file target00.tsv (TSV, C-alpha atoms)
chain	number	residue	atom	x	y	z
A	20	MET	CA	-9.84	124.34	-47.11
A	21	LEU	CA	-13.30	122.79	-47.32
A	22	VAL	CA	-16.21	125.21	-47.66
A	23	GLY	CA	-19.60	124.01	-46.48
A	24	ARG	CA	-22.93	124.79	-44.88
A	25	VAL	CA	-23.68	123.86	-41.25
A	26	THR	CA	-26.84	121.79	-41.52
A	27	GLY	CA	-27.00	119.98	-38.21
A	28	ALA	CA	-25.29	118.69	-35.11
A	29	VAL	CA	-24.27	115.37	-33.61
A	30	ILE	CA	-24.74	114.67	-29.92
A	31	SER	CA	-22.77	111.86	-28.32
A	32	THR	CA	-22.47	111.28	-24.61
A	33	ASN	CA	-20.54	108.06	-24.75
A	34	LYS	CA	-17.40	109.23	-26.48
A	35	VAL	CA	-13.67	109.60	-26.06
A	36	GLU	CA	-12.47	111.96	-23.40
A	37	SER	CA	-10.75	114.31	-25.85
A	38	LEU	CA	-14.06	115.05	-27.56
A	39	ARG	CA	-15.74	116.00	-24.29
A	40	GLY	CA	-17.05	119.56	-24.38
A	41	THR	CA	-16.70	119.91	-28.12
A	42	LYS	CA	-19.55	120.85	-30.43
A	43	MET	CA	-19.79	118.46	-33.38
A	44	LEU	CA	-21.59	119.97	-36.34
A	45	ILE	CA	-22.68	118.46	-39.62
A	46	VAL	CA	-21.15	120.35	-42.55
A	47	GLN	CA	-22.26	119.66	-46.12
A	48	PRO	CA	-19.72	120.79	-48.73
A	49	VAL	CA	-20.74	123.65	-51.02
A	50	ALA	CA	-19.40	124.17	-54.55
A	51	LEU	CA	-17.84	127.64	-54.62
A	52	ASP	CA	-18.87	128.47	-58.16
A	53	THR	CA	-22.53	127.45	-57.87
A	54	LEU	CA	-23.03	127.56	-54.09
A	55	VAL	CA	-24.93	124.30	-54.52
A	56	MET	CA	-24.76	122.10	-51.41
A	57	SER	CA	-23.73	118.50	-51.98
A	58	GLU	CA	-25.47	115.46	-50.54
A	59	ASP	CA	-22.46	114.19	-48.64
A	60	TYR	CA	-21.47	115.53	-45.23
A	61	VAL	CA	-18.61	115.77	-42.78
A	62	ILE	CA	-18.80	115.89	-39.00
A	63	CYS	CA	-16.58	118.74	-37.82
A	64	VAL	CA	-15.56	119.96	-34.41
A	65	ASP	CA	-16.62	123.59	-34.15
A	66	ASP	CA	-13.82	125.94	-33.12
A	67	VAL	CA	-15.40	129.34	-33.80
A	68	GLY	CA	-19.01	129.08	-32.61
A	69	ALA	CA	-20.66	128.41	-35.97
A	70	GLY	CA	-24.44	128.04	-36.11
A	71	LEU	CA	-27.03	126.33	-38.27
A	72	GLY	CA	-27.00	127.74	-41.80
A	73	ASP	CA	-23.57	129.39	-41.55
A	74	LEU	CA	-21.27	129.02	-44.55
A	75	VAL	CA	-18.02	127.93	-42.96
A	76	PHE	CA	-14.54	126.78	-43.93
A	77	CYS	CA	-12.78	123.83	-42.35
A	78	ALA	CA	-9.34	122.23	-42.20
A	79	TYR	CA	-8.66	118.52	-42.57
A	80	GLY	CA	-6.35	115.96	-40.99
A	81	SER	CA	-3.62	117.14	-38.68
A	82	SER	CA	-4.50	120.70	-39.72
A	83	ALA	CA	-7.78	120.15	-37.86
A	84	ARG	CA	-5.90	120.20	-34.59
A	85	GLN	CA	-3.96	123.43	-35.00
A	86	SER	CA	-5.64	125.72	-32.53
A	87	ASP	CA	-5.42	126.06	-28.77
A	88	THR	CA	-8.91	124.69	-28.33
A	89	SER	CA	-8.59	121.84	-30.78
A	90	LYS	CA	-5.02	120.66	-30.45
A	91	LYS	CA	-5.75	117.46	-28.49
A	92	VAL	CA	-9.14	116.65	-30.00
A	93	ALA	CA	-9.80	113.33	-31.71
A	94	SER	CA	-11.08	115.08	-34.84
A	95	ASP	CA	-9.92	115.04	-38.46
A	96	TYR	CA	-12.10	118.01	-39.49
A	97	SER	CA	-12.56	121.29	-37.63
A	98	ILE	CA	-14.46	124.47	-38.47
A	99	TYR	CA	-12.06	127.41	-38.34
A	100	GLY	CA	-14.05	130.27	-39.82
A	101	ILE	CA	-17.41	131.70	-40.81
A	102	ILE	CA	-17.35	133.18	-44.30
A	103	ASP	CA	-18.38	136.83	-44.76
A	104	SER	CA	-17.91	137.12	-48.52
A	105	ILE	CA	-16.38	135.43	-51.55
A	106	ASP	CA	-15.22	137.28	-54.67
A	107	MET	CA	-14.54	135.36	-57.87
A	108	ARG	CA	-13.46	136.72	-61.26
A	109	GLY	CA	-14.18	140.24	-60.09
A	110	GLN	CA	-17.68	139.53	-58.84
A	111	ARG	CA	-19.03	139.05	-55.34
A	112	THR	CA	-20.44	135.55	-55.53
A	113	TYR	CA	-21.34	135.20	-51.85
A	114	ASP	CA	-22.24	137.84	-49.26
A	115	LYS	CA	-23.33	136.74	-45.78
A	116	ALA	CA	-25.03	140.12	-45.21
A	117	LYS	CA	-27.31	139.56	-48.21
A	118	GLU	CA	-27.94	135.91	-47.40
A	119	THR	CA	-31.65	135.04	-47.48
A	120	ALA	CA	-31.60	131.30	-48.11
A	121	ALA	CA	-29.14	130.21	-45.44
A	122	CYS	CA	-31.43	127.37	-44.24
A	123	SER	CA	-33.12	126.81	-47.59
A	124	TRP	CA	-32.71	123.03	-47.31
A	125	GLN	CA	-35.29	123.06	-44.49
A	126	GLU	CA	-38.07	124.41	-46.67
B	24	MET	CA	1.91	119.68	-55.61
B	25	GLN	CA	-0.64	120.81	-58.16
B	26	LEU	CA	-1.16	123.82	-60.38
B	27	ALA	CA	-4.08	126.22	-60.05
B	28	ARG	CA	-5.06	129.68	-61.17
B	29	VAL	CA	-5.98	132.30	-58.58
B	30	ILE	CA	-9.43	133.63	-59.47
B	31	GLY	CA	-10.58	135.42	-56.33
B	32	SER	CA	-10.48	135.79	-52.58
B	33	MET	CA	-12.52	135.10	-49.46
B	34	VAL	CA	-13.11	137.25	-46.38
B	35	SER	CA	-13.80	135.84	-42.94
B	36	THR	CA	-13.69	138.03	-39.86
B	37	ARG	CA	-14.97	135.42	-37.41
B	38	LYS	CA	-12.23	132.84	-37.62
B	39	CYS	CA	-9.56	131.06	-35.61
B	40	ASP	CA	-7.26	133.77	-34.27
B	41	ARG	CA	-4.20	131.95	-35.62
B	42	LEU	CA	-5.53	132.67	-39.10
B	43	GLU	CA	-5.46	136.41	-38.49
B	44	GLY	CA	-3.64	138.26	-41.27
B	45	LEU	CA	-3.52	135.32	-43.69
B	46	LYS	CA	-4.86	135.89	-47.18
B	47	LEU	CA	-7.48	133.30	-48.18
B	48	LEU	CA	-7.68	133.02	-51.96
B	49	VAL	CA	-9.99	131.20	-54.34
B	50	ALA	CA	-8.16	129.09	-56.96
B	51	VAL	CA	-9.27	126.66	-59.63
B	52	PRO	CA	-7.24	123.63	-60.72
B	53	ILE	CA	-5.31	123.80	-63.99
B	54	ASP	CA	-5.30	120.83	-66.39
B	55	MET	CA	-1.67	120.28	-67.42
B	56	ASP	CA	-2.58	119.03	-70.90
B	57	THR	CA	-4.49	122.10	-71.98
B	58	PHE	CA	-3.43	124.61	-69.35
B	59	ARG	CA	-7.11	125.45	-69.02
B	60	GLU	CA	-9.06	125.68	-65.78
B	61	LYS	CA	-10.64	122.34	-64.92
B	62	GLY	CA	-12.55	121.33	-61.80
B	63	SER	CA	-14.21	123.28	-59.05
B	64	PRO	CA	-12.69	126.23	-57.18
B	65	PHE	CA	-11.23	125.77	-53.72
B	66	ILE	CA	-9.85	127.90	-50.90
B	67	THR	CA	-6.11	128.10	-50.32
B	68	VAL	CA	-3.86	130.27	-48.15
B	69	ASP	CA	-1.47	132.63	-49.92
B	70	THR	CA	2.10	132.61	-48.60
B	71	VAL	CA	3.92	134.18	-51.57
B	72	GLY	CA	1.79	137.20	-52.54
B	73	ALA	CA	0.02	135.56	-55.47
B	74	GLY	CA	-2.33	137.80	-57.44
B	75	GLU	CA	-5.54	137.13	-59.30
B	76	GLY	CA	-4.99	135.45	-62.66
B	77	GLU	CA	-1.59	134.01	-61.77
B	78	ILE	CA	-0.88	130.30	-62.12
B	79	VAL	CA	0.46	128.98	-58.84
B	80	MET	CA	1.66	125.78	-57.24
B	81	TRP	CA	-0.06	124.65	-54.06
B	82	ALA	CA	0.56	121.99	-51.41
B	83	GLY	CA	-2.01	120.22	-49.24
B	84	GLY	CA	-2.13	118.46	-45.91
B	85	SER	CA	0.50	119.08	-43.28
B	86	SER	CA	2.92	120.17	-46.01
B	87	SER	CA	0.80	123.30	-46.33
B	88	ARG	CA	1.97	124.21	-42.86
B	89	GLN	CA	5.68	124.00	-43.73
B	90	THR	CA	6.01	127.72	-44.40
B	91	ASP	CA	6.87	130.64	-42.13
B	92	LEU	CA	3.35	132.05	-42.46
B	93	THR	CA	1.40	128.83	-41.87
B	94	THR	CA	3.42	126.92	-39.27
B	95	ASN	CA	1.12	125.60	-36.49
B	96	LYS	CA	-1.90	127.16	-38.15
B	97	PRO	CA	-5.14	125.41	-39.12
B	98	VAL	CA	-4.36	125.37	-42.82
B	99	ASP	CA	-4.62	122.34	-45.15
B	100	SER	CA	-3.88	124.06	-48.46
B	101	SER	CA	-1.26	126.73	-49.20
B	102	ILE	CA	0.12	128.38	-52.29
B	103	VAL	CA	3.84	127.64	-52.18
B	104	GLY	CA	5.00	129.19	-55.46
B	105	ILE	CA	4.07	131.34	-58.46
B	106	VAL	CA	4.83	129.55	-61.71
B	107	ASP	CA	7.04	131.24	-64.34
B	108	PHE	CA	7.51	128.44	-66.90
B	109	VAL	CA	6.39	124.87	-67.41
B	110	ASP	CA	8.31	122.56	-69.74
B	111	ILE	CA	6.89	119.15	-70.66
B	112	GLU	CA	8.90	116.74	-72.82
B	113	GLY	CA	11.24	119.49	-73.88
B	114	LYS	CA	8.42	121.80	-74.94
B	115	ARG	CA	7.56	125.03	-73.12
B	116	VAL	CA	3.86	124.67	-72.46
B	117	TYR	CA	3.46	127.71	-70.25
B	118	SER	CA	5.21	131.07	-69.88
B	119	LYS	CA	3.95	133.57	-67.38
B	120	GLY	CA	2.65	136.66	-69.13
B	121	GLN	CA	2.52	135.10	-72.58
B	122	GLU	CA	-0.60	133.07	-72.15
B	123	THR	CA	-2.74	132.30	-75.17
call {"tool": "encode", "arguments": {"input": "target00.tsv", "output": "structure tokens"}}
result
Amino acid sequence: MLVGRVTGAVISTNKVESLRGTKMLIVQPVALDTLVMSEDYVICVDDVGAGLGDLVFCAYGSSARQSDTSKKVASDYSIYGIIDSIDMRGQRTYDKAKETAACSWQE
Amino acid sequence: MQLARVIGSMVSTRKCDRLEGLKLLVAVPIDMDTFREKGSPFITVDTVGAGEGEIVMWAGGSSSRQTDLTTNKPVDSSIVGIVDFVDIEGKRVYSKGQET
């Protein structure tokens, strides 16, 4: 499952019918061990109401169409969760409650 | 399939309801030559009760949904087995519990 930061949105009015009414967010992958955000990005259909700066996880390919609201959508990447915390090797490496630099890339 | 070691877990309360009850673990790929961790950690769904520190086998893509727990769920990586032994060219390169 891809983990990434929501850093923007894509608006398209002239698009396929199955994407009508979907929110398309820009997600930039984040390395789990360093929490450093990479330069590349993915456009994901939002399925859980994620917002700018949220650390989210996404599913790819046919797995991106496995929910009631995304099953017929022309999308190969969908956001399926907002991350509360990550523990690695016995340490809490990410905690949404203590997040201060969620939109740090805008500074 | 590929091998990885489970090194942690992730919590998400605001998620797709079909993911309710699934354990989301953090694993890091294992290099088969050295049996050391190599590469960056990733998120995978546990379907076999894997614990931290264990070396597991995981499947990606739609194959990750071919289990009772993950059928028709938005999952693109699942742990499908906990590894006991690995033999390469007649040599036992890994035994669970007797790691160097």
call {"tool": "residues_around", "arguments": {"input": "target00.tsv", "residues": "Trp81 (chain B)", "least_positions_apart": "2", "cutoff": "10 Å", "atoms": "only C-alpha atoms", "output": "PDB file with C-alpha atoms, keeping the file's coordinate frame"}}
result
ATOM      1  CA  MET B  24       1.910 119.680 -55.610  1.00  0.00           C
ATOM      2  CA  GLN B  25      -0.640 120.810 -58.160  1.00  0.00           C
ATOM      3  CA  LEU B  26      -1.160 123.820 -60.380  1.00  0.00           C
ATOM      4  CA  ALA B  27      -4.080 126.220 -60.050  1.00  0.00           C
ATOM      5  CA  ALA B  50      -8.160 129.090 -56.960  1.00  0.00           C
ATOM      6  CA  PRO B  52      -7.240 123.630 -60.720  1.00  0.00           C
ATOM      7  CA  THR B  67      -6.110 128.100 -50.320  1.00  0.00           C
ATOM      8  CA  VAL B  68      -3.860 130.270 -48.150  1.00  0.00           C
ATOM      9  CA  ASP B  69      -1.470 132.630 -49.920  1.00  0.00           C
ATOM     10  CA  THR B  70       2.100 132.610 -48.600  1.00  0.00           C
ATOM     11  CA  ILE B  78      -0.880 130.300 -62.120  1.00  0.00           C
ATOM     12  CA  VAL B  79       0.460 128.980 -58.840  1.00  0.00           C
ATOM     13  CA  GLY B  83      -2.010 120.220 -49.240  1.00  0.00           C
ATOM     14  CA  SER B  86       2.920 120.170 -46.010  1.00  0.00           C
ATOM     15  CA  SER B  87       0.800 123.300 -46.330  1.00  0.00           C
ATOM     16  CA  SER B 100      -3.880 124.060 -48.460  1.00  0.00           C
ATOM     17  CA  SER B 101      -1.260 126.730 -49.200  1.00  0.00           C
ATOM     18  CA  ILE B 102       0.120 128.380 -52.290  1.00  0.00           C
ATOM     19  CA  VAL B 103       3.840 127.640 -52.180  1.00  0.00           C
ATOM     20  CA  GLY B 104       5.000 129.190 -55.460  1.00  0.00           C
ATOM     21  CA  ILE B 105       4.070 131.340 -58.460  1.00  0.00           C
TER      22      ILE B 105
END
call {"tool": "closest_atom_pairs", "arguments": {"input": "target00.tsv", "of": "chain A", "to": "chain B", "cutoff": "12 Å", "atoms": "all atoms listed in the file", "output": "tab-separated table"}}
result
residue	atom	partner	partner_atom	distance
A:Met20	CA	B:Ile66	CA	5.2
A:Leu21	CA	B:Ile66	CA	7.1
A:Val22	CA	B:Ile66	CA	7.6
A:Gly23	CA	B:Phe65	CA	11.2
A:Pro48	CA	B:Phe65	CA	11.0
A:Val49	CA	B:Phe65	CA	10.1
A:Ala50	CA	B:Ser63	CA	6.9
A:Leu51	CA	B:Pro64	CA	5.9
A:Asp52	CA	B:Pro64	CA	6.6
A:Thr53	CA	B:Ser63	CA	9.4
A:Leu54	CA	B:Pro64	CA	10.9
A:Val55	CA	B:Ser63	CA	11.7
A:Asp65	CA	B:Cys39	CA	10.4
A:Asp66	CA	B:Cys39	CA	7.1
A:Val67	CA	B:Lys38	CA	6.1
A:Gly68	CA	B:Arg37	CA	8.9
A:Ala69	CA	B:Arg37	CA	9.1
A:Asp73	CA	B:Arg37	CA	11.3
A:Leu74	CA	B:Ser35	CA	10.2
A:Val75	CA	B:Ser35	CA	9.0
A:Phe76	CA	B:Ile66	CA	8.5
A:Cys77	CA	B:Pro97	CA	8.4
A:Ala78	CA	B:Asp99	CA	5.6
A:Tyr79	CA	B:Asp99	CA	6.1
A:Gly80	CA	B:Gly84	CA	6.9
A:Ser81	CA	B:Ser85	CA	6.5
A:Ser82	CA	B:Pro97	CA	4.8
A:Ala83	CA	B:Pro97	CA	6.0
A:Arg84	CA	B:Pro97	CA	6.9
A:Gln85	CA	B:Pro97	CA	4.7
A:Ser86	CA	B:Pro97	CA	6.6
A:Asp87	CA	B:Arg41	CA	9.1
A:Thr88	CA	B:Cys39	CA	9.7
A:Ser89	CA	B:Pro97	CA	9.7
A:Lys90	CA	B:Pro97	CA	9.9
A:Asp95	CA	B:Asp99	CA	11.2
A:Tyr96	CA	B:Pro97	CA	10.2
A:Ser97	CA	B:Pro97	CA	8.6
A:Ile98	CA	B:Cys39	CA	8.7
A:Tyr99	CA	B:Cys39	CA	5.2
A:Gly100	CA	B:Lys38	CA	3.8
A:Ile101	CA	B:Arg37	CA	5.6
A:Ile102	CA	B:Ser35	CA	4.6
A:Asp103	CA	B:Ser35	CA	5.0
A:Ser104	CA	B:Val34	CA	5.3
A:Ile105	CA	B:Met33	CA	4.4
A:Asp106	CA	B:Gly31	CA	5.3
A:Met107	CA	B:Gly31	CA	4.2
A:Arg108	CA	B:Ile30	CA	5.4
A:Gly109	CA	B:Gly31	CA	7.1
A:Gln110	CA	B:Gly31	CA	8.6
A:Arg111	CA	B:Gly31	CA	9.2
A:Thr112	CA	B:Gly31	CA	9.9
A:Tyr113	CA	B:Met33	CA	9.1
A:Asp114	CA	B:Val34	CA	9.6
A:Lys115	CA	B:Ser35	CA	10.0
call {"tool": "atom_distance", "arguments": {"input": "target00.tsv", "atom1": "CA of Val71 (chain B)", "atom2": "CA of Val116 (chain B)"}}
result
23.0 Å
call {"tool": "atom_distance", "arguments": {"input": "target00.tsv", "atom1": "CA of Ile62 (chain A)", "atom2": "CA of Ile45 (chain A)"}}
result
4.7 Å
call {"tool": "atom_distance", "arguments": {"input": "target00.tsv", "atom1": "CA of Asp107 (chain B)", "atom2": "CA of Lys61 (chain B)"}}
result
19.8 Å
call {"tool": "decode", "arguments": {"input": "target00.tsv", "residues": "region 53-73 of chain A", "atoms": "N, CA, C and O atoms", "output": "CSV table (one decimal), in the first residue's frame"}}
result
chain,number,residue,atom,x,y,z
A,53,THR,N,12.0,7.6,6.8
A,53,THR,CA,12.5,8.9,7.0
A,53,THR,C,11.4,10.0,7.0
A,53,THR,O,11.7,11.1,7.3
A,54,LEU,N,10.3,9.6,6.5
A,54,LEU,CA,9.1,10.5,6.3
A,54,LEU,C,9.4,11.6,5.4
A,54,LEU,O,8.8,12.6,5.3
A,55,VAL,N,10.5,11.4,4.5
A,55,VAL,CA,10.8,12.4,3.5
A,55,VAL,C,9.9,12.2,2.3
A,55,VAL,O,9.7,11.0,1.9
A,56,MET,N,9.4,13.3,1.8
A,56,MET,CA,8.4,13.2,0.7
A,56,MET,C,9.2,13.2,-0.6
A,56,MET,O,10.2,14.0,-0.8
A,57,SER,N,8.8,12.3,-1.5
A,57,SER,CA,9.6,12.3,-2.8
A,57,SER,C,9.1,13.3,-3.8
A,57,SER,O,8.0,13.9,-3.6
A,58,GLU,N,9.8,13.6,-4.8
A,58,GLU,CA,9.5,14.5,-5.8
A,58,GLU,C,8.3,14.0,-6.7
A,58,GLU,O,7.5,14.8,-7.2
A,59,ASP,N,8.3,12.7,-6.9
A,59,ASP,CA,7.2,12.3,-7.9
A,59,ASP,C,5.8,12.3,-7.2
A,59,ASP,O,5.7,12.5,-6.0
A,60,TYR,N,4.8,12.1,-8.0
A,60,TYR,CA,3.5,12.2,-7.5
A,60,TYR,C,2.6,11.2,-8.1
A,60,TYR,O,2.9,10.6,-9.2
A,61,VAL,N,1.4,11.0,-7.5
A,61,VAL,CA,0.4,10.1,-8.1
A,61,VAL,C,-1.0,10.9,-8.0
A,61,VAL,O,-1.2,11.5,-7.0
A,62,ILE,N,-1.8,10.8,-9.0
A,62,ILE,CA,-3.1,11.4,-8.8
A,62,ILE,C,-4.1,10.3,-8.4
A,62,ILE,O,-4.2,9.2,-9.0
A,63,CYS,N,-4.7,10.5,-7.2
A,63,CYS,CA,-5.5,9.4,-6.6
A,63,CYS,C,-7.0,9.9,-6.5
A,63,CYS,O,-7.2,11.1,-6.1
A,64,VAL,N,-7.9,9.0,-6.7
A,64,VAL,CA,-9.3,9.3,-6.3
A,64,VAL,C,-9.4,9.2,-4.8
A,64,VAL,O,-9.0,8.2,-4.2
A,65,ASP,N,-10.0,10.2,-4.2
A,65,ASP,CA,-10.2,10.2,-2.8
A,65,ASP,C,-11.4,9.4,-2.4
A,65,ASP,O,-12.5,9.8,-2.8
A,66,ASP,N,-11.3,8.5,-1.5
A,66,ASP,CA,-12.4,7.7,-1.1
A,66,ASP,C,-12.8,7.9,0.4
A,66,ASP,O,-13.8,7.3,0.9
A,67,VAL,N,-12.0,8.7,1.1
A,67,VAL,CA,-12.2,8.8,2.6
A,67,VAL,C,-12.3,10.2,3.0
A,67,VAL,O,-12.3,10.5,4.2
A,68,GLY,N,-12.3,11.2,2.1
A,68,GLY,CA,-12.3,12.6,2.5
A,68,GLY,C,-11.0,13.1,3.0
A,68,GLY,O,-11.0,13.8,4.1
A,69,ALA,N,-9.9,12.8,2.4
A,69,ALA,CA,-8.6,13.3,2.8
A,69,ALA,C,-8.4,14.7,2.5
A,69,ALA,O,-9.1,15.2,1.5
A,70,GLY,N,-7.6,15.4,3.2
A,70,GLY,CA,-7.4,16.9,3.0
A,70,GLY,C,-5.9,17.2,2.8
A,70,GLY,O,-5.1,16.3,2.9
A,71,LEU,N,-5.7,18.4,2.4
A,71,LEU,CA,-4.3,18.8,2.1
A,71,LEU,C,-3.4,18.6,3.4
A,71,LEU,O,-3.8,18.9,4.5
A,72,GLY,N,-2.3,17.9,3.2
A,72,GLY,CA,-1.4,17.7,4.3
A,72,GLY,C,-1.6,16.4,5.0
A,72,GLY,O,-0.7,16.0,5.7
A,73,ASP,N,-2.7,15.7,4.7
A,73,ASP,CA,-2.9,14.4,5.4
A,73,ASP,C,-1.9,13.4,4.9
A,73,ASP,O,-1.5,13.3,3.7
